[in-house]
Amino acid sequence: MLVLLGIGVVVLGFVLRANPLLVVMAAALTTGLAAAWTPEADLQVMYAAAVGTLATFGKAFNDNRYVSLIWILLAAIGLLERSGLQARARIAIAKVKAATVGRLLWVYFVIRQATAALGLTQLGGQAQMVRPLVAPMAEGAAEAKYGAIPDKQRYLIRSHSAAADNVALFFGEDIFIAIASILLIKGFLETNGVIVEPFDLSVWAIPTAIAALVIHSLRLWLLDRSLKRALAAKPAAAETAQ
Amino acid sequence: MITLQHAYIVGGIFFAALAILSALDRANDKRLRNALFWGLLAGSFWGGSFIGDLGNGVLALGLVTIAAFGLGQGKPATTSEEERRASAERNGNLLFLPALIIPAAALGGTLLVQHTEWGPQLIQDQHKTLISLVLGVLMAVGVLMLWTRPPLLAPLQEGRRLMDSVGWAAILPQMLASLGAVFLAAGVGDQVGALFSEYIPGLDTSRWLAVIAYCVGMALFTIVMGNAFAAFPVMTAAVGLPFVVMALGGDPARVCAIGMLAGFCGTLMTPMAANFNVVPANLLELPDRKAALNGVIRAQIPTAIPLLIANILLMRFLAFPGE
């Protein structure tokens with residue numbers, strides 16, 4: 001039962017708002033020490049347990065380097081920003097008269113979910129699409145409609161841009177048969193003596209995908225309504241806020 | 001053949017360049033910490049396979065220590081808002097094209113390895129998408145350098161500008177995966193299962209109760225761990241398999257598929273899922289990005305909770321085919 005202390009450390013660190021990296025490391029060491037602890041354990045045993053845990057952690061850290069490799073794409077994204085991609089996105093969307101924040105994010109949501117379901121998870125993403133394109137386009141749509149927008153609504157629109165990407169990705173990707181989570185389930189069931197095909201799993205992700213689409217469509221419709229209520233009252237200014 | 005090792009060398013070069021440029025950035029009063037942090041990460045990419053398990057553990061401990069003291073924000077020279085707008089007017093919608101090179105290369109490389117005979121000889125099969133993605137980044141940078149003719153160091157300096165705004169959160173997913181390995185070695189999953197069966201009576205007789213315990217447990221444990229992948233083996237071994245499937249007759253494929261998605265509802269609600277919820281708040285420069293419930297998470301909770309309820313209903317009505 002003592003090994004559950006590690007989960008307690010994560011929760012405590014979360015409550016105390018400590019640096020999450022520090023919390024993770026502390027939780028790992030706590031778990032390793034708790035697993036080795038017996039009333040007879042002396043300092044030497046505990047020291048060996050700490051070193052062993054650090055080695056287990058280090059091995060996994062090294063095996064999972066590919067998770068952090070993805071950041072090199074910021075070099076390309078940064079160059080695109082430097083060349084005015086975000087400004088271009090704003091110009092493009094300002095020309096579309098029917099675009100509202102909610103409709104724009106809905107179109108992005110549907111494309112993102114559909115492409116993720118086909119395994120094209122790399123087509124979107126927070127660094128790849130939301131920061132350089134989706135958020136500026138959504139802000140541009142609001143500016144085209146209501147003129148300069150106050151910070152409160154600007155940050156709300158940005159938050160919803162990030163949310164649309166996350167929700168669409170999470171509840172689209174599992175329909176694709178070769179995605180990591182599907183392979184994890186298959187592997188887990190196999191070690192427990194149950195053989196399933198990836199297709200058996202992915203087909204049961206479809207009902208939830210439909211539910212996500214329905215719920216989030218409603219949310220985006222409500223977002224448009226609340227933006228209209230908050231912004232339509234004030235006169236439309238010609239210049240955009242910077 | 002291009003292998004993951006080659007991709008790691010490229011990653012090491014990127015982070016090493018970030019370290020050197022950080023050290024030279026006089027506008028950042030914490031420049032040495034940034035240099036040390038990105039330098040250690042470069043060392044991990046280059047030398048991780050040679051320093052042994054304990055060496056990697058000490059390296060991770062070093063990264064954590066520097067991050068705990070706090071990193072600074074570098075201020076590399078970049079274009080002004082006016083210059084960007086002028087470039088946007090001048091280049092028009094062509095600017096969108098380089099952005100598509102990266103996903104196109106990732107997809108193209110993957111298909112090449114899957115469907116041609118010479119593809120697997122060119123790119124390591126096991127990591128085809130990741131390697132293709134790295135190649136795509138190099139292609140996109142090359143195209144942009146030739147086209148827009150920025151200063152030679154621009155891709156690294158612009159990368160550093162964005163990387164510093166992501167900060168230490170960049171390595172949190174990798175750290176969480178490592179924590180999962182320690183949990184597995186210590187048998188945390190078995191203990192959680194023992195707790196559930198002890199404190200929830202009727203878990204082995206009521207389908208409603210078992211389904212709710214499994215789905216809500218997946219979401220809550222994902223909130224704690226920041227990752228449904230870490231929660232899934234623990235909660236499924238603890239509740240999903242023994243109760244929902246074995247004792248009550250749930251179909252394992254349906255129970256697990258929907259259970260994982262219940263965990264994803266938790267991912268939408270936790271700051272521990274740094275790459276999905278904290279990184280965008282940093283990238284989008286939200287004023288509340290350091291808060292536990294930042295703007296992104298607040299925008300997601302009203303979708304996540306109804307969707308969790310939907311998952312419970314779906315599992316209850318779809319996962320017991322014999323009913």
# chains A, B, ... in the order shown; residues from 1 in each chain; ligands from 1
call {"tool": "residues_around", "arguments": {"residues": "Pro150 of chain B", "least_positions_apart": "6", "cutoff": "12 Å", "atoms": "only C-alpha atoms", "output": "MDAnalysis selection string"}}
result
(chainID A and resid 78:80 82:83) or (chainID B and resid 77:79 87 141:144 156:158)
call {"tool": "write_last_selection", "arguments": {"atoms": "C-alpha atoms", "output": "PDB file, in the first residue's frame"}}
result
ATOM      1  CA  GLY A  78       9.418  30.444 -36.156  1.00  0.00           C
ATOM      2  CA  LEU A  79      10.696  31.166 -39.657  1.00  0.00           C
ATOM      3  CA  LEU A  80       7.126  31.150 -41.003  1.00  0.00           C
ATOM      4  CA  ARG A  82       8.989  35.793 -39.119  1.00  0.00           C
ATOM      5  CA  SER A  83       7.764  35.904 -42.713  1.00  0.00           C
TER       6      SER A  83
ATOM      7  CA  ALA B  77      16.119  39.757 -32.830  1.00  0.00           C
ATOM      8  CA  THR B  78      13.120  39.119 -35.078  1.00  0.00           C
ATOM      9  CA  THR B  79      11.037  41.012 -37.620  1.00  0.00           C
ATOM     10  CA  SER B  87       5.936  40.293 -46.115  1.00  0.00           C
ATOM     11  CA  VAL B 141      13.531  25.279 -43.234  1.00  0.00           C
ATOM     12  CA  GLY B 142      15.557  24.856 -46.436  1.00  0.00           C
ATOM     13  CA  VAL B 143      12.737  26.135 -48.643  1.00  0.00           C
ATOM     14  CA  LEU B 144      12.096  29.132 -46.377  1.00  0.00           C
ATOM     15  CA  LEU B 156      17.720  28.734 -34.723  1.00  0.00           C
ATOM     16  CA  GLN B 157      17.004  32.168 -33.251  1.00  0.00           C
ATOM     17  CA  GLU B 158      13.302  32.008 -34.148  1.00  0.00           C
TER      18      GLU B 158
END
call {"tool": "closest_atom_pairs", "arguments": {"of": "segment 181-224 of chain A", "to": "segment 102-106 of chain A", "cutoff": "8 Å", "atoms": "only C-alpha atoms", "output": "CSV"}}
result
residue,atom,partner,partner_atom,distance
A:Ser217,CA,A:Trp106,CA,6.6
A:Leu220,CA,A:Gly102,CA,4.8
A:Trp221,CA,A:Gly102,CA,5.9
A:Leu223,CA,A:Gly102,CA,6.2
A:Asp224,CA,A:Gly102,CA,5.2
call {"tool": "write_last_selection", "arguments": {"atoms": "N, CA and C atoms", "output": "mmCIF file, in the first residue's frame"}}
result
data_model
loop_
_atom_site.group_PDB
_atom_site.id
_atom_site.type_symbol
_atom_site.label_atom_id
_atom_site.label_comp_id
_atom_site.auth_asym_id
_atom_site.auth_seq_id
_atom_site.Cartn_x
_atom_site.Cartn_y
_atom_site.Cartn_z
ATOM 1 N N SER A 217 -19.844 21.146 -31.141
ATOM 2 C CA SER A 217 -20.559 22.037 -32.066
ATOM 3 C C SER A 217 -21.475 22.976 -31.291
ATOM 4 N N LEU A 220 -19.473 25.687 -29.605
ATOM 5 C CA LEU A 220 -19.001 26.749 -30.493
ATOM 6 C C LEU A 220 -20.151 27.669 -30.896
ATOM 7 N N TRP A 221 -21.346 27.089 -31.033
ATOM 8 C CA TRP A 221 -22.523 27.900 -31.311
ATOM 9 C C TRP A 221 -22.777 28.858 -30.134
ATOM 10 N N LEU A 223 -20.490 29.891 -28.075
ATOM 11 C CA LEU A 223 -19.401 30.872 -28.054
ATOM 12 C C LEU A 223 -19.749 32.065 -28.945
ATOM 13 N N ASP A 224 -20.256 31.782 -30.144
ATOM 14 C CA ASP A 224 -20.650 32.862 -31.049
ATOM 15 C C ASP A 224 -21.711 33.753 -30.414
#
call {"tool": "closest_residue", "arguments": {"among": "A:Val214, A:Gly124, A:Ser202, A:Trp71", "to": "Ala104 of chain B", "atoms": "only C-alpha atoms"}}
result
A:Gly124
call {"tool": "closest_residue", "arguments": {"among": "B:Leu152, B:Val296, B:Ile131, B:Leu97", "to": "chain A", "atoms": "only C-alpha atoms"}}
result
B:Val296
call {"tool": "residues_around", "arguments": {"residues": "Leu172 of chain B", "least_positions_apart": "6", "cutoff": "8 Å", "atoms": "only C-alpha atoms", "output": "list in words"}}
result
Pro20 and Leu21 of chain A; Ala274 and Asn275 of chain B
call {"tool": "write_last_selection", "arguments": {"atoms": "C-alpha atoms", "output": "PDB file, in the first residue's frame"}}
result
ATOM      1  CA  PRO A  20       5.675  19.843 -12.172  1.00  0.00           C
ATOM      2  CA  LEU A  21       9.104  18.499 -13.203  1.00  0.00           C
TER       3      LEU A  21
ATOM      4  CA  ALA B 274       1.423  20.065 -20.417  1.00  0.00           C
ATOM      5  CA  ASN B 275       1.804  19.643 -24.168  1.00  0.00           C
TER       6      ASN B 275
END
